[in-house]
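Asks: One file: structure.txt (compact mmCIF, C-alpha atoms).
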# COMPACT_ATOMS: atom_id res chain seq x y z
CA MET A 3 14.56 -5.13 -9.48
CA HIS A 4 10.85 -5.37 -10.27
CA THR A 5 9.26 -2.47 -12.12
CA SER A 6 5.65 -1.68 -12.89
CA LYS A 7 4.55 -2.09 -16.49
CA ILE A 8 1.59 0.21 -15.98
CA VAL A 9 1.40 3.14 -18.37
CA ASP A 10 0.65 6.42 -16.59
CA ARG A 11 -2.83 7.35 -17.71
CA SER A 12 -4.26 8.70 -14.46
CA GLU A 13 -5.84 11.71 -16.12
CA GLU A 14 -7.51 9.50 -18.74
CA ASN A 15 -9.20 7.31 -16.13
CA MET A 16 -10.16 10.24 -13.92
CA ASP A 17 -11.24 13.56 -15.42
CA VAL A 18 -8.58 16.26 -15.28
CA SER A 19 -10.36 18.54 -12.81
CA THR A 20 -10.93 15.68 -10.36
CA TYR A 21 -7.35 14.50 -10.73
CA ASN A 22 -6.03 18.02 -10.12
CA TYR A 23 -8.28 18.34 -7.07
CA TRP A 24 -6.77 15.19 -5.58
CA VAL A 25 -3.21 16.31 -6.25
CA GLU A 26 -3.64 19.91 -5.05
CA ASN A 27 -5.88 19.32 -2.03
CA ILE A 28 -4.99 15.87 -0.71
CA ILE A 29 -1.93 14.30 -2.30
CA ASP A 30 0.32 17.32 -1.76
CA SER A 31 -0.81 17.91 1.83
CA THR A 32 -0.32 14.28 2.87
CA GLU A 33 2.99 14.07 0.99
CA ILE A 34 1.89 10.98 -0.90
CA PRO A 35 4.32 10.86 -3.85
CA THR A 36 2.53 11.68 -7.09
CA PRO A 37 3.98 8.52 -8.73
CA ALA A 38 2.48 6.47 -5.89
CA PHE A 39 -0.94 8.01 -6.49
CA ASN A 40 -0.66 7.54 -10.26
CA LEU A 41 0.45 3.91 -10.04
CA ALA A 42 -2.22 3.09 -7.46
CA LEU A 43 -4.93 4.82 -9.46
CA ASN A 44 -3.95 3.17 -12.74
CA SER A 45 -3.79 -0.25 -11.08
CA PHE A 46 -7.20 0.33 -9.51
CA TYR A 47 -8.80 1.24 -12.84
CA ASP A 48 -7.16 -1.69 -14.64
CA LEU A 49 -8.60 -4.09 -12.07
CA LYS A 50 -11.99 -2.37 -12.10
CA MET A 51 -12.15 -2.68 -15.88
CA LYS A 52 -11.61 -6.43 -15.48
CA GLY A 53 -14.51 -6.63 -13.00
CA LEU A 54 -12.25 -7.64 -10.11
CA VAL A 55 -13.06 -4.74 -7.76
CA ARG A 56 -16.13 -5.21 -5.56
CA ASN A 57 -15.69 -1.97 -3.62
CA ASP A 58 -14.79 0.81 -6.04
CA SER A 59 -15.13 3.62 -3.48
CA ILE A 60 -12.01 2.89 -1.45
CA LEU A 61 -8.37 2.99 -2.51
CA THR A 62 -5.66 2.46 0.11
CA ILE A 63 -2.05 3.49 -0.52
CA ILE A 64 0.93 2.44 1.58
CA ASP A 65 4.02 4.52 0.91
CA PHE A 66 7.14 2.57 1.83
CA SER A 67 9.42 5.35 0.65
CA LYS A 68 8.83 7.05 4.01
CA SER A 69 10.38 6.49 7.42
CA SER A 70 8.39 4.15 9.66
CA GLU A 71 8.05 7.01 12.14
CA LYS A 72 5.71 8.77 9.69
CA LYS A 73 2.13 8.05 8.75
CA ARG A 74 2.38 6.11 5.51
CA LEU A 75 -0.95 4.30 5.15
CA PHE A 76 -3.64 6.40 3.48
CA ILE A 77 -7.28 5.42 2.91
CA LEU A 78 -8.88 7.44 0.11
CA ASP A 79 -12.58 7.75 -0.63
CA LEU A 80 -12.57 8.13 -4.41
CA LYS A 81 -16.27 8.81 -4.80
CA ASN A 82 -16.42 11.56 -2.19
CA LYS A 83 -12.95 12.90 -2.96
CA LYS A 84 -11.55 12.83 0.55
CA LEU A 85 -8.91 11.28 2.74
CA ILE A 86 -10.62 9.05 5.28
CA LYS A 87 -7.63 8.05 7.36
CA SER A 88 -3.85 8.16 7.58
CA THR A 89 -1.79 6.17 10.05
CA LEU A 90 1.36 4.19 10.82
CA VAL A 91 2.04 0.84 9.15
CA ALA A 92 4.84 -1.71 9.55
CA HIS A 93 7.06 -3.33 6.94
CA GLY A 94 8.77 -6.71 7.06
CA MET A 95 11.77 -7.16 9.34
CA GLN A 96 14.04 -8.19 6.46
CA SER A 97 12.93 -5.28 4.29
CA GLY A 98 14.88 -2.73 6.30
CA VAL A 99 15.16 -1.15 9.74
CA ASP A 100 13.48 2.26 9.74
CA ILE A 101 12.97 2.53 5.98
CA ALA A 102 11.93 -0.39 3.75
CA GLU A 103 14.54 -0.99 1.06
CA SER A 104 14.26 -4.64 0.02
CA PHE A 105 11.16 -6.59 -1.04
CA SER A 106 10.25 -10.15 -1.88
CA ASN A 107 7.43 -12.40 -3.03
CA ARG A 108 9.05 -15.51 -1.55
CA ARG A 109 7.82 -17.54 1.39
CA MET A 110 9.84 -17.23 4.60
CA SER A 111 11.57 -14.10 3.33
CA ASN A 112 10.08 -11.94 6.12
CA LYS A 113 10.00 -9.10 3.60
CA SER A 114 7.19 -6.87 2.41
CA SER A 115 5.79 -7.28 -1.09
CA LEU A 116 4.94 -4.31 -3.28
CA GLY A 117 2.15 -3.76 -5.82
CA LEU A 118 -1.61 -4.09 -6.05
CA TYR A 119 -3.77 -6.13 -3.68
CA VAL A 120 -7.49 -6.77 -3.28
CA THR A 121 -8.86 -7.08 0.24
CA ASN A 122 -10.96 -10.09 1.06
CA GLU A 123 -12.36 -11.86 4.11
CA THR A 124 -11.86 -11.07 7.78
CA TYR A 125 -11.08 -13.62 10.47
CA GLU A 126 -10.04 -13.93 14.11
CA GLY A 127 -6.44 -15.10 14.38
CA LYS A 128 -3.46 -14.93 16.72
CA HIS A 129 -3.35 -11.16 16.19
CA GLY A 130 -7.09 -10.77 16.74
CA TYR A 131 -9.35 -9.31 14.08
CA SER A 132 -7.45 -9.59 10.78
CA LEU A 133 -7.97 -9.16 7.04
CA ARG A 134 -6.77 -11.41 4.24
CA ILE A 135 -5.44 -9.71 1.12
CA ASP A 136 -4.70 -11.20 -2.30
CA GLY A 137 -1.76 -10.03 -4.39
CA MET A 138 -2.74 -9.10 -7.94
CA SER A 139 0.72 -8.14 -9.27
CA LYS A 140 2.36 -11.15 -10.91
CA ASP A 141 5.77 -12.00 -9.49
CA LEU A 142 5.58 -9.04 -7.09
CA ASN A 143 2.99 -10.16 -4.55
CA ASP A 144 0.94 -13.04 -5.95
CA ASN A 145 2.19 -15.34 -3.19
CA ALA A 146 0.60 -13.15 -0.53
CA ARG A 147 -2.05 -15.65 0.51
CA LYS A 148 0.43 -18.53 0.54
CA ARG A 149 2.70 -16.37 2.70
CA ALA A 150 -0.21 -15.50 5.04
CA ILE A 151 0.32 -11.79 4.38
CA VAL A 152 -2.61 -10.10 6.11
CA ILE A 153 -3.56 -6.83 7.74
CA HIS A 154 -3.64 -7.06 11.53
CA GLY A 155 -3.05 -4.94 14.57
CA ALA A 156 0.26 -4.94 16.45
CA ASP A 157 1.44 -3.31 19.67
CA TYR A 158 4.76 -2.46 18.03
CA VAL A 159 3.02 -0.11 15.59
CA SER A 160 2.55 2.86 17.90
CA THR A 161 3.92 6.24 18.93
CA ASN A 162 4.95 4.68 22.27
CA PHE A 163 7.17 2.20 20.44
CA ILE A 164 8.64 5.05 18.35
CA ASN A 165 9.38 7.09 21.46
CA LYS A 166 11.29 4.17 23.00
CA ASN A 167 13.03 2.85 19.88
CA GLY A 168 13.17 5.66 17.33
CA ARG A 169 11.03 3.69 14.88
CA ILE A 170 8.07 1.31 14.86
CA GLY A 171 8.52 -2.43 15.08
CA ARG A 172 8.58 -4.75 12.09
CA SER A 173 6.47 -7.69 11.01
CA PHE A 174 7.14 -10.97 9.19
CA GLY A 175 5.98 -9.22 6.00
CA CYS A 176 2.46 -8.14 6.90
CA PRO A 177 1.38 -4.48 6.69
CA ALA A 178 0.59 -4.39 10.42
CA VAL A 179 -1.31 -1.37 11.76
CA PRO A 180 -1.82 0.15 15.24
CA MET A 181 -3.70 -2.27 17.50
CA ASP A 182 -6.24 0.34 18.59
CA GLU A 183 -7.01 1.26 14.96
CA ALA A 184 -7.02 -2.20 13.38
CA GLU A 185 -10.76 -2.84 13.60
CA GLU A 186 -11.60 0.55 12.13
CA ILE A 187 -9.12 0.18 9.27
CA ILE A 188 -10.17 -3.38 8.43
CA ASN A 189 -13.87 -2.48 8.40
CA LEU A 190 -13.18 0.47 6.10
CA ILE A 191 -11.27 -1.49 3.46
CA LYS A 192 -12.50 -5.12 3.68
CA ASP A 193 -14.55 -7.02 1.07
CA GLY A 194 -12.98 -6.20 -2.24
CA SER A 195 -11.31 -2.80 -2.18
CA CYS A 196 -7.87 -2.07 -3.64
CA LEU A 197 -4.66 -1.66 -1.67
CA TYR A 198 -1.47 -0.47 -3.36
CA ILE A 199 1.93 -0.75 -1.68
CA TYR A 200 4.39 1.70 -3.21
CA HIS A 201 8.14 2.14 -3.31
CA PRO A 202 10.16 4.13 -5.88
CA THR A 203 11.64 0.91 -7.30
CA LEU A 204 8.23 0.35 -8.95
CA ILE A 205 8.63 3.39 -11.20
CA PRO A 206 9.43 2.20 -14.73
CA ILE A 207 12.62 3.62 -16.16
CA SER A 208 11.96 5.75 -19.25
CA GLN A 209 13.32 4.98 -22.69
CA PHE A 210 15.16 8.31 -22.53
CA ALA A 211 16.83 7.30 -19.27
CA LEU A 212 17.72 3.89 -20.69
CA GLU A 213 19.45 5.56 -23.63
CA LYS A 214 21.53 7.63 -21.20
CA LEU A 215 22.77 4.63 -19.24
CA PRO A 216 26.44 3.72 -19.83
The structure in this file should be written as structure tokens.

Replies:
Amino acid sequence: MHTSKIVDRSEENMDVSTYNYWVENIIDSTEIPTPAFNLALNSFYDLKMKGLVRNDSILTIIDFSKSSEKKRLFILDLKNKKLIKSTLVAHGMQSGVDIAESFSNRRMSNKSSLGLYVTNETYEGKHGYSLRIDGMSKDLNDNARKRAIVIHGADYVSTNFINKNGRIGRSFGCPAVPMDEAEEIINLIKDGSCLYIYHPTLIPISQFALEKLP
């Protein structure tokens, strides 16, 4: 199991009143897990401090603790303190059926990879308008480009697919989005913004919890 080594210092990076505003007005209403927001925010600030973030307005969180029937991709505007968009997003076919449970950084695994990404260039591919993303979390997702993990639209990410199958379809590992929303999403987050893919397995176990283990 991979765990994040990031220390929770969300309220140090963002002033307390702003942090509380996010939690009380946006995070709670969208049901983004607070740990997901904290890990994403801390990762964003770590990367920004290193000068690796070109677009420091946008932070995207994908919450793979949720059912695929639910909206679990969230685009946040940090500077204007608002949620820009929430929508469906697919996980890899070998990560699970309705809920993603298993993750990998290996080629040909057909699994999703967790952790922090930076968005990069767009291109026209077999799925149409698509966005390359680079994994910034060592051993978690740093093979993303080699694996051709990109953001693209897919017909199987839709309410129609859910109505017929009880869940959305699955990808080969890409965070695929609804076809009719792909261009909008890609244009919002392209060119150097942060994307964080969350699952509870990323939460570091506390020293207290370790001491309680048999």

Asks: Need the neighbours of (-5.3, 10.5, -0.5): which residues are at most 6 Å away, counting only C-alpha atoms, as a list of chain:residue names?

Replies: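 The residues near that point, listed by chain and number, are A:Ile28, A:Ile29, A:Phe76, A:Leu78, A:Leu85.
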
Asks: Excluding Met181 (chain A) and its own-chain neighbours fewer than 6 positions away, which residues fall within 8 Å of it when counting only C-alpha atoms? Please give them as number ranges by chain.

Replies: A: 154-157, 159

Asks: Which protein, DNA or RNA residues have an atom at most 6 Å from (14.1, -10.4, 3.7), counting all atoms listed in the file? List them as a ChimeraX atom specification.

Replies: /A:96-97,111-113

Asks: Hey, which of A:Phe39, A:Tyr198, A:Tyr158, A:Trp24 ends up closest to Met138 (chain A)? Count only C-alpha atoms.

Replies: A:Tyr198

Asks: Find the spatial neighbours of Ala42 (chain A), counting only C-alpha atoms, within a cut-off of 9 Å - ignore same-chain residues fewer than 5 positions away - and output them as a PyMOL selection string.

Replies: chain A and resi 37+47+61-63+117-118+196-200

Asks: Could you write those residues out with C-alpha atoms, as an mmCIF file, keeping the file's coordinate frame?

Replies:
data_model
loop_
_atom_site.group_PDB
_atom_site.id
_atom_site.type_symbol
_atom_site.label_atom_id
_atom_site.label_comp_id
_atom_site.auth_asym_id
_atom_site.auth_seq_id
_atom_site.Cartn_x
_atom_site.Cartn_y
_atom_site.Cartn_z
ATOM 1 C CA PRO A 37 3.980 8.520 -8.730
ATOM 2 C CA TYR A 47 -8.800 1.240 -12.840
ATOM 3 C CA LEU A 61 -8.370 2.990 -2.510
ATOM 4 C CA THR A 62 -5.660 2.460 0.110
ATOM 5 C CA ILE A 63 -2.050 3.490 -0.520
ATOM 6 C CA GLY A 117 2.150 -3.760 -5.820
ATOM 7 C CA LEU A 118 -1.610 -4.090 -6.050
ATOM 8 C CA CYS A 196 -7.870 -2.070 -3.640
ATOM 9 C CA LEU A 197 -4.660 -1.660 -1.670
ATOM 10 C CA TYR A 198 -1.470 -0.470 -3.360
ATOM 11 C CA ILE A 199 1.930 -0.750 -1.680
ATOM 12 C CA TYR A 200 4.390 1.700 -3.210
#

Asks: Please identify all polymer residues within 8 Å of Val91 (chain A), counting only C-alpha atoms, omitting same-chain residues fewer than 6 positions from it, and present them as a PDB file with C-alpha atoms, in the frame of the given file.

Replies:
ATOM      1  CA  ILE A  64       0.930   2.440   1.580  1.00  0.00           C
ATOM      2  CA  SER A  70       8.390   4.150   9.660  1.00  0.00           C
ATOM      3  CA  LYS A  73       2.130   8.050   8.750  1.00  0.00           C
ATOM      4  CA  ARG A  74       2.380   6.110   5.510  1.00  0.00           C
ATOM      5  CA  LEU A  75      -0.950   4.300   5.150  1.00  0.00           C
ATOM      6  CA  VAL A 159       3.020  -0.110  15.590  1.00  0.00           C
ATOM      7  CA  PRO A 177       1.380  -4.480   6.690  1.00  0.00           C
ATOM      8  CA  ALA A 178       0.590  -4.390  10.420  1.00  0.00           C
ATOM      9  CA  VAL A 179      -1.310  -1.370  11.760  1.00  0.00           C
ATOM     10  CA  PRO A 180      -1.820   0.150  15.240  1.00  0.00           C
TER      11      PRO A 180
END

Asks: Would you please work out which residue, of A:Thr121, A:Thr203, A:Ser59, A:Ser104, is nearest to Ala38 (chain A) when using only C-alpha atoms?

Replies: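 Of A:Thr121, A:Thr203, A:Ser59, A:Ser104, the one nearest Ala38 (chain A), counting only C-alpha atoms, is A:Thr203.
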
Asks: Closest to Gly94 (chain A) among A:Leu41, A:Ile170, A:Ile135, A:Lys192, using all atoms listed in the file?

Replies: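 Of A:Leu41, A:Ile170, A:Ile135, A:Lys192, the one nearest Gly94 (chain A) is A:Ile170, counting all atoms listed in the file.
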
Asks: If you measure from CA of Tyr21 (chain A) to CA of Lys87 (chain A), what distance in Å do you get, rounded to one decimal?

Replies: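 A separation of 19.2 Å between them.
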